[in-house]
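Read the structure below first, then the notes.
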Amino acid sequence: MLDILIHPDPQLRVKCRPVTDITPQIRTLLADMAETMYAAPGIGLAAPQVGSEHRLLVLDVGDDEESARRGRLYKLINPEIRSRSGKTESEEGCLSIPGIRETIKRSASVVVQGVDESGNDLTIEAEGLLAICLQHEIDHLDGILFIDHLSRLKQQLVKAKYSKLRSAEHE
Ligand SMILES: [Zn+2]
């Protein structure tokens, strides 16, 4: 089981490096991340959240249609958003920012390309929760957190609420 880093840990702001070789260590990392995500529990976890700078993530949004077709758990290496369309808004949270949930604007559907842990090309045509979760997790690989998408004013409010939560936790 891995430790999940908590905002404002600077490691969460690192831009991850593409994976050039899918070593046994990479496969172990993906397996440990999946276990950590399920235990949290969460629906997605990106490498920077466990202190790794590899461009990879795991996610399992449960019973949406695309997941049902392919099996529930994705282990995605070097994912890139190839196209987006539409707009949607939904409430998001993040295992690295406990206690904060905010409504975030995202693309309604995305096409993501990457490779799986065997090195096979993987194309995911996603909408709904899967599309939102993919955008959230891929943001993490570029050091972007969901609260970065809020207006400046809203970010200040969230920052104040978050530091209150954090200091209460440490009392
Ligand atoms: Zn997150």
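Residues are named by chain letter and number: chains run A, B, ... in the order of the structure tokens, numbers start at 1 in each chain, and ligands are numbered from 1 in the order shown.
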
query = Neighbours of ligand 1 within 10 Å, counting only C-alpha atoms and all ligand atoms, as a ChimeraX atom specification?
reply = /A:7,12,42-46,48-49,92-98,133,135-140,144-147

Selection above as a file: N, CA, C and O atoms, as a CSV table (one decimal), in the first residue's frame:
```csv
chain,number,residue,atom,x,y,z
A,7,HIS,N,-2.2,17.7,-0.9
A,7,HIS,CA,-2.0,19.1,-1.2
A,7,HIS,C,-1.7,19.9,0.0
A,7,HIS,O,-2.4,19.7,1.0
A,12,LEU,N,3.0,17.1,-6.0
A,12,LEU,CA,1.8,17.1,-6.8
A,12,LEU,C,1.8,18.1,-8.0
A,12,LEU,O,1.0,18.1,-8.8
A,42,GLY,N,-11.2,5.4,-3.9
A,42,GLY,CA,-11.3,6.4,-4.9
A,42,GLY,C,-11.6,5.8,-6.2
A,42,GLY,O,-11.5,4.5,-6.4
A,43,ILE,N,-11.8,6.6,-7.3
A,43,ILE,CA,-12.1,6.1,-8.6
A,43,ILE,C,-10.9,6.4,-9.6
A,43,ILE,O,-11.0,5.9,-10.7
A,44,GLY,N,-9.9,7.0,-9.1
A,44,GLY,CA,-8.7,7.3,-9.9
A,44,GLY,C,-7.5,7.7,-9.1
A,44,GLY,O,-7.7,8.2,-8.0
A,45,LEU,N,-6.3,7.4,-9.6
A,45,LEU,CA,-5.1,7.7,-8.9
A,45,LEU,C,-4.0,7.9,-9.9
A,45,LEU,O,-3.8,7.0,-10.7
A,46,ALA,N,-3.3,9.1,-9.8
A,46,ALA,CA,-2.2,9.3,-10.8
A,46,ALA,C,-0.9,9.3,-10.1
A,46,ALA,O,-0.8,9.5,-8.8
A,48,PRO,N,1.8,11.1,-9.6
A,48,PRO,CA,2.3,12.1,-8.7
A,48,PRO,C,1.7,12.0,-7.3
A,48,PRO,O,2.3,12.4,-6.3
A,49,GLN,N,0.5,11.5,-7.2
A,49,GLN,CA,-0.2,11.4,-5.9
A,49,GLN,C,0.5,10.4,-5.0
A,49,GLN,O,0.2,10.4,-3.8
A,92,GLU,N,-16.5,17.5,-8.3
A,92,GLU,CA,-15.3,16.6,-8.2
A,92,GLU,C,-14.7,16.8,-6.8
A,92,GLU,O,-14.8,17.8,-6.1
A,93,GLY,N,-13.9,15.7,-6.5
A,93,GLY,CA,-13.1,15.7,-5.3
A,93,GLY,C,-11.8,15.1,-5.6
A,93,GLY,O,-11.6,14.6,-6.8
A,94,CYS,N,-10.9,15.0,-4.7
A,94,CYS,CA,-9.6,14.4,-5.0
A,94,CYS,C,-9.0,13.8,-3.7
A,94,CYS,O,-9.0,14.5,-2.7
A,95,LEU,N,-8.4,12.6,-3.9
A,95,LEU,CA,-7.8,12.0,-2.7
A,95,LEU,C,-6.7,12.8,-2.1
A,95,LEU,O,-6.4,12.7,-0.9
A,96,SER,N,-6.1,13.7,-2.9
A,96,SER,CA,-5.0,14.5,-2.4
A,96,SER,C,-5.5,15.9,-1.8
A,96,SER,O,-4.6,16.7,-1.3
A,97,ILE,N,-6.8,16.1,-1.9
A,97,ILE,CA,-7.3,17.4,-1.3
A,97,ILE,C,-8.6,17.0,-0.5
A,97,ILE,O,-9.7,17.4,-0.8
A,98,PRO,N,-8.3,16.3,0.6
A,98,PRO,CA,-9.5,15.8,1.4
A,98,PRO,C,-10.4,16.9,1.9
A,98,PRO,O,-9.9,18.0,2.3
A,133,CYS,N,-13.2,11.7,-15.2
A,133,CYS,CA,-12.1,11.1,-14.4
A,133,CYS,C,-10.8,11.1,-15.2
A,133,CYS,O,-9.8,11.4,-14.6
A,135,GLN,N,-9.9,13.2,-17.5
A,135,GLN,CA,-9.4,14.6,-17.6
A,135,GLN,C,-8.8,15.0,-16.3
A,135,GLN,O,-7.7,15.6,-16.2
A,136,HIS,N,-9.4,14.6,-15.2
A,136,HIS,CA,-8.9,14.9,-13.8
A,136,HIS,C,-7.5,14.2,-13.6
A,136,HIS,O,-6.6,14.9,-13.1
A,137,GLU,N,-7.4,12.9,-14.0
A,137,GLU,CA,-6.2,12.2,-13.7
A,137,GLU,C,-5.1,12.6,-14.6
A,137,GLU,O,-3.9,12.7,-14.2
A,138,ILE,N,-5.4,12.9,-15.9
A,138,ILE,CA,-4.4,13.3,-16.8
A,138,ILE,C,-3.8,14.7,-16.5
A,138,ILE,O,-2.6,15.0,-16.6
A,139,ASP,N,-4.7,15.6,-15.9
A,139,ASP,CA,-4.3,16.8,-15.4
A,139,ASP,C,-3.2,16.6,-14.3
A,139,ASP,O,-2.2,17.3,-14.3
A,140,HIS,N,-3.4,15.6,-13.4
A,140,HIS,CA,-2.4,15.3,-12.4
A,140,HIS,C,-1.0,15.1,-13.0
A,140,HIS,O,0.0,15.5,-12.4
A,144,ILE,N,-1.4,19.6,-12.5
A,144,ILE,CA,-2.6,20.4,-12.4
A,144,ILE,C,-3.6,19.7,-11.5
A,144,ILE,O,-3.9,18.5,-11.6
A,145,LEU,N,-4.2,20.5,-10.5
A,145,LEU,CA,-5.2,20.0,-9.6
A,145,LEU,C,-6.6,20.5,-10.0
A,145,LEU,O,-6.7,21.6,-10.6
A,146,PHE,N,-7.6,19.8,-9.6
A,146,PHE,CA,-9.0,20.2,-10.1
A,146,PHE,C,-9.3,21.6,-9.6
A,146,PHE,O,-10.0,22.3,-10.3
A,147,ILE,N,-8.8,22.0,-8.4
A,147,ILE,CA,-9.2,23.3,-7.9
A,147,ILE,C,-8.5,24.5,-8.8
A,147,ILE,O,-9.0,25.6,-8.8
```

request  = Per DSSP on the backbone, filter chain A down to the residues in alpha helix (DSSP H) and report them as an NGL selection string.
outcome  = :A and (24-39 or 65-70 or 128-141 or 152-170)

message = When you look at Leu76 in chain A with a cut-off of 10 Å (counting only C-alpha atoms), what residues show up, excluding the ones that are within fewer than 3 positions of it in the same chain? I need them as a ChimeraX atom specification.
response = /A:30,46,55-59,73,79-80,112-117,119,121-122,134,138

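Minimum distance to Arg13 in chain A across A:Met1, A:Leu141, A:Val110, A:Leu157 (counting only C-alpha atoms) occurs at A:Leu141.
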
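Going from CA of Pro24 in chain A over to CA of Asp3 in chain A, you cover 20.3 Å.
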
request  = Run DSSP on the backbone and grab whatever in range 18-143 of chain A lands in strand (DSSP E); send it over as number ranges by chain.
outcome  = A: 44-46, 56-59, 74-92, 102-115, 121-127

Length of the CA of Pro8 in chain A to CA of Asp148 in chain A vector [Å] = 12.4 Å

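Residues within 9 Å of Val19 in chain A, counting only C-alpha atoms and excluding same-chain residues fewer than 3 positions away, are Ile22, Ile26, His54, Arg55, Leu56, Ile77 and Asn78 of chain A.
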
query = Counting only C-alpha atoms, what is within 7 Å of Arg106 in chain A, bar same-chain residues fewer than 6 positions away, as a ChimeraX atom specification?
reply = /A:87-89,132

Could you please take those selected residues and save C-alpha atoms as a short mmCIF file (atom, residue, chain, number, x, y, z; two decimals), in the first residue's frame?
```
data_model
loop_
_atom_site.label_atom_id
_atom_site.label_comp_id
_atom_site.auth_asym_id
_atom_site.auth_seq_id
_atom_site.Cartn_x
_atom_site.Cartn_y
_atom_site.Cartn_z
CA LYS A 87 -19.10 20.72 -22.16
CA THR A 88 -20.24 19.37 -18.82
CA GLU A 89 -20.16 20.38 -15.15
CA ILE A 132 -14.39 13.48 -16.34
#
```

Two-atom distance - CA of Arg166 in chain A, CA of Pro10 in chain A (Å) = 16.3 Å
